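*Asks:* Structure in structure tokens, see below.
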Amino acid sequence: MDAAYRLHYKCVLLWLFVCHQIVTMSTKSKRHLSTNLPSWLVLMGLLTALGPLAIDMYLPAFPQMALDLSTPEGNVERTLASYLLGLALAQLFYGPLADRFGRKPPLIFGVLLFSIASIAVSFSQDIEHLTWWRVIQAFGGAATMVIPRAVIRDQLDTRDAAKALSMIMLIMGATPILAPILGGQILLITSWRFIFHIMTLCGLALLIAAIFFMKESLDPANISPLKPKSILKNYKELLKHKGFMLYALTGAFGSAGMFTYISGAPRVFISTYEVPVTWFGALFGINAFCLILASQVGARLLNKFTPQRILAVAQSIQLTVVAIGLVAVLLGIMNIYGIMALLMTFMACQGFINPNAAALALSAQGRRLGVASALMGTLHMLCGALAGLAISSWHSISAVPLVVILSFCVSISWLSGRKALKETA
């Protein structure tokens, strides 16, 4: 237990250091986006990373949680889908709030709610209570999905927004790399409950950073009234906007593929290919590194190529590789090396697809950026939740469910992207 508390102490120091770096950066002059990250963008990246932390950190604990709570592992897997569903629904509320009251107040409320729910999850004694508290945790975490995107579009045009979203992946990408590794090491020392204590600490650290160092970015001229009729009108117009919806669906089904991988990875790596729990985080981290590297390359490619061109090429490569992987798994010739090659390529392509699809979807949304960001985020999480439910309901100790559902998601994403590019050409 002493080792667990030492780890706890180190995590506190790490996040205090992160907050200190944010304060230090805020005193420096703002430089060009292509060479340095401004302090506000660093904070947005850290806030956005809170969601992946809550998704990825407890993945290695699925078998232990199932044993401790006396429930099938599929029920524990469904807590991830429940979290994603909560994220999907909650974002619809944060969008109008962010357009009416500004970006900062709803964000502070959401991070506080996330922190409180994280504590409650750690003390849950059965799968039912754990699942409900995970949903509440998601309702808090949803603020960190909606508002950072709106803040970025408040301050940057489409091309620079795509660069910013790519750069944010550098910060976000560290979380999927470190979270499962840290989660796996914690399980060697103490129980899965300590994982949610660390989530609480991270939430509180970011809450303090947001309160003291975040500046309001909403232009008073763009404030929208918080009236049901006005809100419904904005959502209705967005649903009819072909360009927005097609680009949003491109990213949404790409995200569904990512959540298929996230939900199915513990079963495929640990149960199918018998990868030790301590090594699971390393394999997960390699795939996350591919996402990070590609996103940074994509940010630099935007200096020479349009977001549309990068999106088209990345989607074509992704579809081709996933199709080859589908054939291999159906023929029964897929092994751990093949599945890793498939997932590494898929994640790398997502590093190009996600930021460009998001920037293109949010372009020209003006006074309804909060609502647009919320609807886009809802589509992402809803598709992700459905994909997570699909793979958790497909009981098979093989890579077939993962690759089949992944192939479906990539195909729909590709079709949406092609139509979006034709619609906006």
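Ordering of the structure tokens sets the chain letters (A, B, ...); residue numbers start at 1 within each chain; ligands are numbered from 1 in the order shown.
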For Ser255 in chain A, work out the shell of residues within 7 Å, counting only C-alpha atoms and skipping chain neighbours fewer than 3 positions away, then give it as number ranges by chain.
*Replies:* A: 251-252, 258-259, 380, 384
*Asks:* For Leu187 in chain A, please output as a ChimeraX atom specification all residues within 10 Å (counting only C-alpha atoms; exclusion window: fewer than 5 positions along the same chain).
*Replies:* /A:4,58,60-61,64,182,192-195,277-278
*Asks:* Which polymer residues have any atom within 12 Å of an atom of Met245 in chain A, counting only C-alpha atoms, with same-chain residues fewer than 4 positions away left out, as an mmCIF file with C-alpha atoms, in the first residue's frame?
*Replies:*
```cif
data_model
loop_
_atom_site.group_PDB
_atom_site.id
_atom_site.type_symbol
_atom_site.label_atom_id
_atom_site.label_comp_id
_atom_site.auth_asym_id
_atom_site.auth_seq_id
_atom_site.Cartn_x
_atom_site.Cartn_y
_atom_site.Cartn_z
ATOM 1 C CA TYR A 235 -30.155 21.961 -34.216
ATOM 2 C CA LYS A 236 -32.739 21.580 -36.989
ATOM 3 C CA GLU A 237 -30.748 23.807 -39.333
ATOM 4 C CA LEU A 238 -27.566 21.878 -38.593
ATOM 5 C CA LEU A 239 -29.269 18.561 -39.268
ATOM 6 C CA LYS A 240 -30.330 19.903 -42.668
ATOM 7 C CA HIS A 241 -26.865 21.291 -43.444
ATOM 8 C CA LEU A 249 -20.532 11.662 -39.812
ATOM 9 C CA THR A 250 -17.112 11.149 -41.353
ATOM 10 C CA GLY A 251 -15.528 11.867 -37.996
ATOM 11 C CA ALA A 252 -18.293 10.123 -36.041
ATOM 12 C CA PHE A 253 -17.885 6.746 -37.720
ATOM 13 C CA ALA A 357 -13.112 16.442 -40.601
ATOM 14 C CA ALA A 358 -13.863 18.392 -37.400
ATOM 15 C CA LEU A 360 -14.370 21.320 -42.009
ATOM 16 C CA ALA A 361 -17.605 20.476 -40.168
ATOM 17 C CA LEU A 362 -17.328 23.555 -37.932
ATOM 18 C CA SER A 363 -16.358 25.974 -40.690
ATOM 19 C CA ALA A 372 -22.451 22.740 -33.774
ATOM 20 C CA SER A 373 -19.623 21.422 -31.609
ATOM 21 C CA LEU A 375 -24.048 18.048 -32.141
ATOM 22 C CA MET A 376 -20.814 16.870 -33.723
ATOM 23 C CA GLY A 377 -19.587 15.540 -30.392
ATOM 24 C CA THR A 378 -22.914 13.826 -29.759
ATOM 25 C CA LEU A 379 -22.703 12.045 -33.104
ATOM 26 C CA HIS A 380 -19.143 10.950 -32.302
ATOM 27 C CA SER A 413 -16.860 6.982 -42.631
ATOM 28 C CA SER A 416 -19.601 10.059 -45.760
ATOM 29 C CA GLY A 417 -16.244 11.666 -46.501
ATOM 30 C CA LYS A 419 -20.051 12.678 -50.298
ATOM 31 C CA ALA A 420 -18.906 15.575 -48.112
ATOM 32 C CA LEU A 421 -16.011 16.399 -50.428
ATOM 33 C CA GLU A 423 -20.943 18.447 -51.659
ATOM 34 C CA THR A 424 -18.458 21.169 -50.693
#
```
*Asks:* Have a look at CA of Ser263 in chain A and CA of Ala162 in chain A and let me know their distance in Å, one decimal.
*Replies:* 27.3 Å
*Asks:* Within 9 Å of range 108-113 of chain A, which residues of range 135-189 of chain A show up? Give each one with its shortest atom-to-atom distance in Å (one decimal) and the two atoms involved, counting only C-alpha atoms, rows by chain then rising residue number, as a tab-separated table.
*Replies:*
```
residue	atom	partner	partner_atom	distance
A:Ile136	CA	A:Leu113	CA	7.6
A:Gln137	CA	A:Leu113	CA	6.7
A:Ala138	CA	A:Leu113	CA	8.9
A:Phe139	CA	A:Gly110	CA	7.1
A:Gly140	CA	A:Gly110	CA	4.0
A:Gly141	CA	A:Gly110	CA	6.0
A:Ala142	CA	A:Gly110	CA	7.0
A:Ala143	CA	A:Gly110	CA	5.2
A:Thr144	CA	A:Val111	CA	7.4
```
*Asks:* Using only C-alpha atoms, determine which residues lie at most 10 Å from range 295-303 of chain A, disregarding the query and same-chain residues fewer than 4 positions distant; provide the list as a tab-separated table (two decimals) with N, CA and C atoms, in the first residue's frame.
*Replies:*
```tsv
chain	number	residue	atom	x	y	z
A	34	SER	N	1.90	27.81	-35.86
A	34	SER	CA	2.63	26.73	-36.51
A	34	SER	C	3.91	26.37	-35.79
A	35	THR	N	4.41	27.21	-34.90
A	35	THR	CA	5.69	26.94	-34.24
A	35	THR	C	5.56	26.71	-32.74
A	159	ARG	N	-8.29	26.57	-41.45
A	159	ARG	CA	-6.98	25.91	-41.60
A	159	ARG	C	-6.22	25.89	-40.28
A	160	ASP	N	-6.18	27.02	-39.57
A	160	ASP	CA	-5.48	27.05	-38.29
A	160	ASP	C	-6.21	26.21	-37.24
A	161	ALA	N	-7.54	26.12	-37.35
A	161	ALA	CA	-8.28	25.26	-36.43
A	161	ALA	C	-7.90	23.80	-36.65
A	162	ALA	N	-7.73	23.41	-37.92
A	162	ALA	CA	-7.29	22.04	-38.21
A	162	ALA	C	-5.90	21.79	-37.62
A	163	LYS	N	-5.02	22.80	-37.74
A	163	LYS	CA	-3.69	22.67	-37.14
A	163	LYS	C	-3.79	22.54	-35.62
A	164	ALA	N	-4.63	23.37	-35.03
A	164	ALA	CA	-4.77	23.35	-33.56
A	164	ALA	C	-5.31	22.01	-33.08
A	165	LEU	N	-6.31	21.48	-33.79
A	165	LEU	CA	-6.87	20.19	-33.41
A	165	LEU	C	-5.85	19.07	-33.59
A	166	SER	N	-4.98	19.21	-34.59
A	166	SER	CA	-3.91	18.23	-34.76
A	166	SER	C	-2.91	18.32	-33.62
A	167	MET	N	-2.57	19.57	-33.24
A	167	MET	CA	-1.62	19.75	-32.14
A	167	MET	C	-2.19	19.28	-30.81
A	168	ILE	N	-3.49	19.44	-30.63
A	168	ILE	CA	-4.12	18.98	-29.39
A	168	ILE	C	-3.96	17.47	-29.24
A	169	MET	N	-3.93	16.77	-30.38
A	169	MET	CA	-3.75	15.33	-30.33
A	169	MET	C	-2.41	14.94	-29.74
A	170	LEU	N	-1.43	15.83	-29.84
A	170	LEU	CA	-0.14	15.58	-29.20
A	170	LEU	C	-0.32	15.48	-27.69
A	173	GLY	N	-2.87	12.53	-27.04
A	173	GLY	CA	-2.27	11.23	-27.32
A	173	GLY	C	-1.43	10.70	-26.18
A	289	PHE	N	0.57	6.12	-30.07
A	289	PHE	CA	1.71	6.87	-30.61
A	289	PHE	C	1.54	7.09	-32.12
A	290	CYS	N	1.00	6.10	-32.82
A	290	CYS	CA	0.74	6.25	-34.26
A	290	CYS	C	-0.24	7.39	-34.51
A	291	LEU	N	-1.26	7.50	-33.65
A	291	LEU	CA	-2.23	8.59	-33.75
A	291	LEU	C	-1.54	9.94	-33.55
A	307	PRO	N	-7.16	20.82	-46.16
A	307	PRO	CA	-7.74	19.77	-45.30
A	307	PRO	C	-8.51	18.72	-46.10
A	308	GLN	N	-9.17	19.16	-47.18
A	308	GLN	CA	-9.93	18.23	-48.02
A	308	GLN	C	-9.04	17.17	-48.65
A	309	ARG	N	-7.87	17.59	-49.16
A	309	ARG	CA	-6.96	16.66	-49.81
A	309	ARG	C	-6.39	15.64	-48.82
A	310	ILE	N	-5.98	16.11	-47.67
A	310	ILE	CA	-5.43	15.22	-46.65
A	310	ILE	C	-6.48	14.21	-46.19
A	311	LEU	N	-7.70	14.67	-46.01
A	311	LEU	CA	-8.80	13.80	-45.58
A	311	LEU	C	-9.03	12.69	-46.60
A	314	ALA	N	-6.06	10.02	-46.65
A	314	ALA	CA	-6.03	9.22	-45.43
A	314	ALA	C	-7.17	8.21	-45.39
A	347	MET	N	-5.14	3.72	-36.69
A	347	MET	CA	-4.97	4.85	-35.78
A	347	MET	C	-4.20	5.99	-36.44
A	348	ALA	N	-3.18	5.65	-37.22
A	348	ALA	CA	-2.42	6.68	-37.91
A	348	ALA	C	-3.31	7.47	-38.87
A	349	CYS	N	-4.14	6.77	-39.60
A	349	CYS	CA	-5.06	7.45	-40.53
A	349	CYS	C	-6.04	8.34	-39.77
A	350	GLN	N	-6.48	7.89	-38.58
A	350	GLN	CA	-7.38	8.72	-37.78
A	350	GLN	C	-6.70	10.01	-37.35
A	351	GLY	N	-5.38	9.98	-37.20
A	351	GLY	CA	-4.64	11.19	-36.87
A	351	GLY	C	-4.74	12.25	-37.94
A	352	PHE	N	-4.94	11.83	-39.18
A	352	PHE	CA	-5.17	12.77	-40.28
A	352	PHE	C	-6.65	13.10	-40.44
A	353	ILE	N	-7.51	12.12	-40.22
A	353	ILE	CA	-8.94	12.28	-40.51
A	353	ILE	C	-9.66	13.13	-39.46
A	354	ASN	N	-9.47	12.82	-38.18
A	354	ASN	CA	-10.24	13.48	-37.13
A	354	ASN	C	-10.15	15.01	-37.13
A	355	PRO	N	-8.93	15.59	-37.07
A	355	PRO	CA	-8.86	17.05	-36.99
A	355	PRO	C	-9.38	17.75	-38.23
A	356	ASN	N	-9.13	17.18	-39.41
A	356	ASN	CA	-9.57	17.84	-40.64
A	356	ASN	C	-11.08	17.73	-40.83
```
*Asks:* For CA of His395 in chain A and CA of Glu128 in chain A, determine how far apart the two atoms are, in Å to one decimal place.
*Replies:*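 Going from CA of His395 in chain A over to CA of Glu128 in chain A, I get 21.0 Å.
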*Asks:* Taking 2 positions as the minimum chain separation for residues in the same chain, which residues sit within 8 Å of Val151 in chain A when counting only C-alpha atoms? Answer as a list in words.
*Replies:* Arg103, Ile147, Pro148, Arg149, Arg153, Asp154, Gln155, Ser217 and Leu218 of chain A
*Asks:* So that I can see what lies close to Leu326 in chain A, please list as a PyMOL selection string the residues with an atom at most 7 Å from it, counting only C-alpha atoms and leaving out residues fewer than 3 positions away in the same chain.
*Replies:* chain A and resi 322-323+329-330+403-404+407
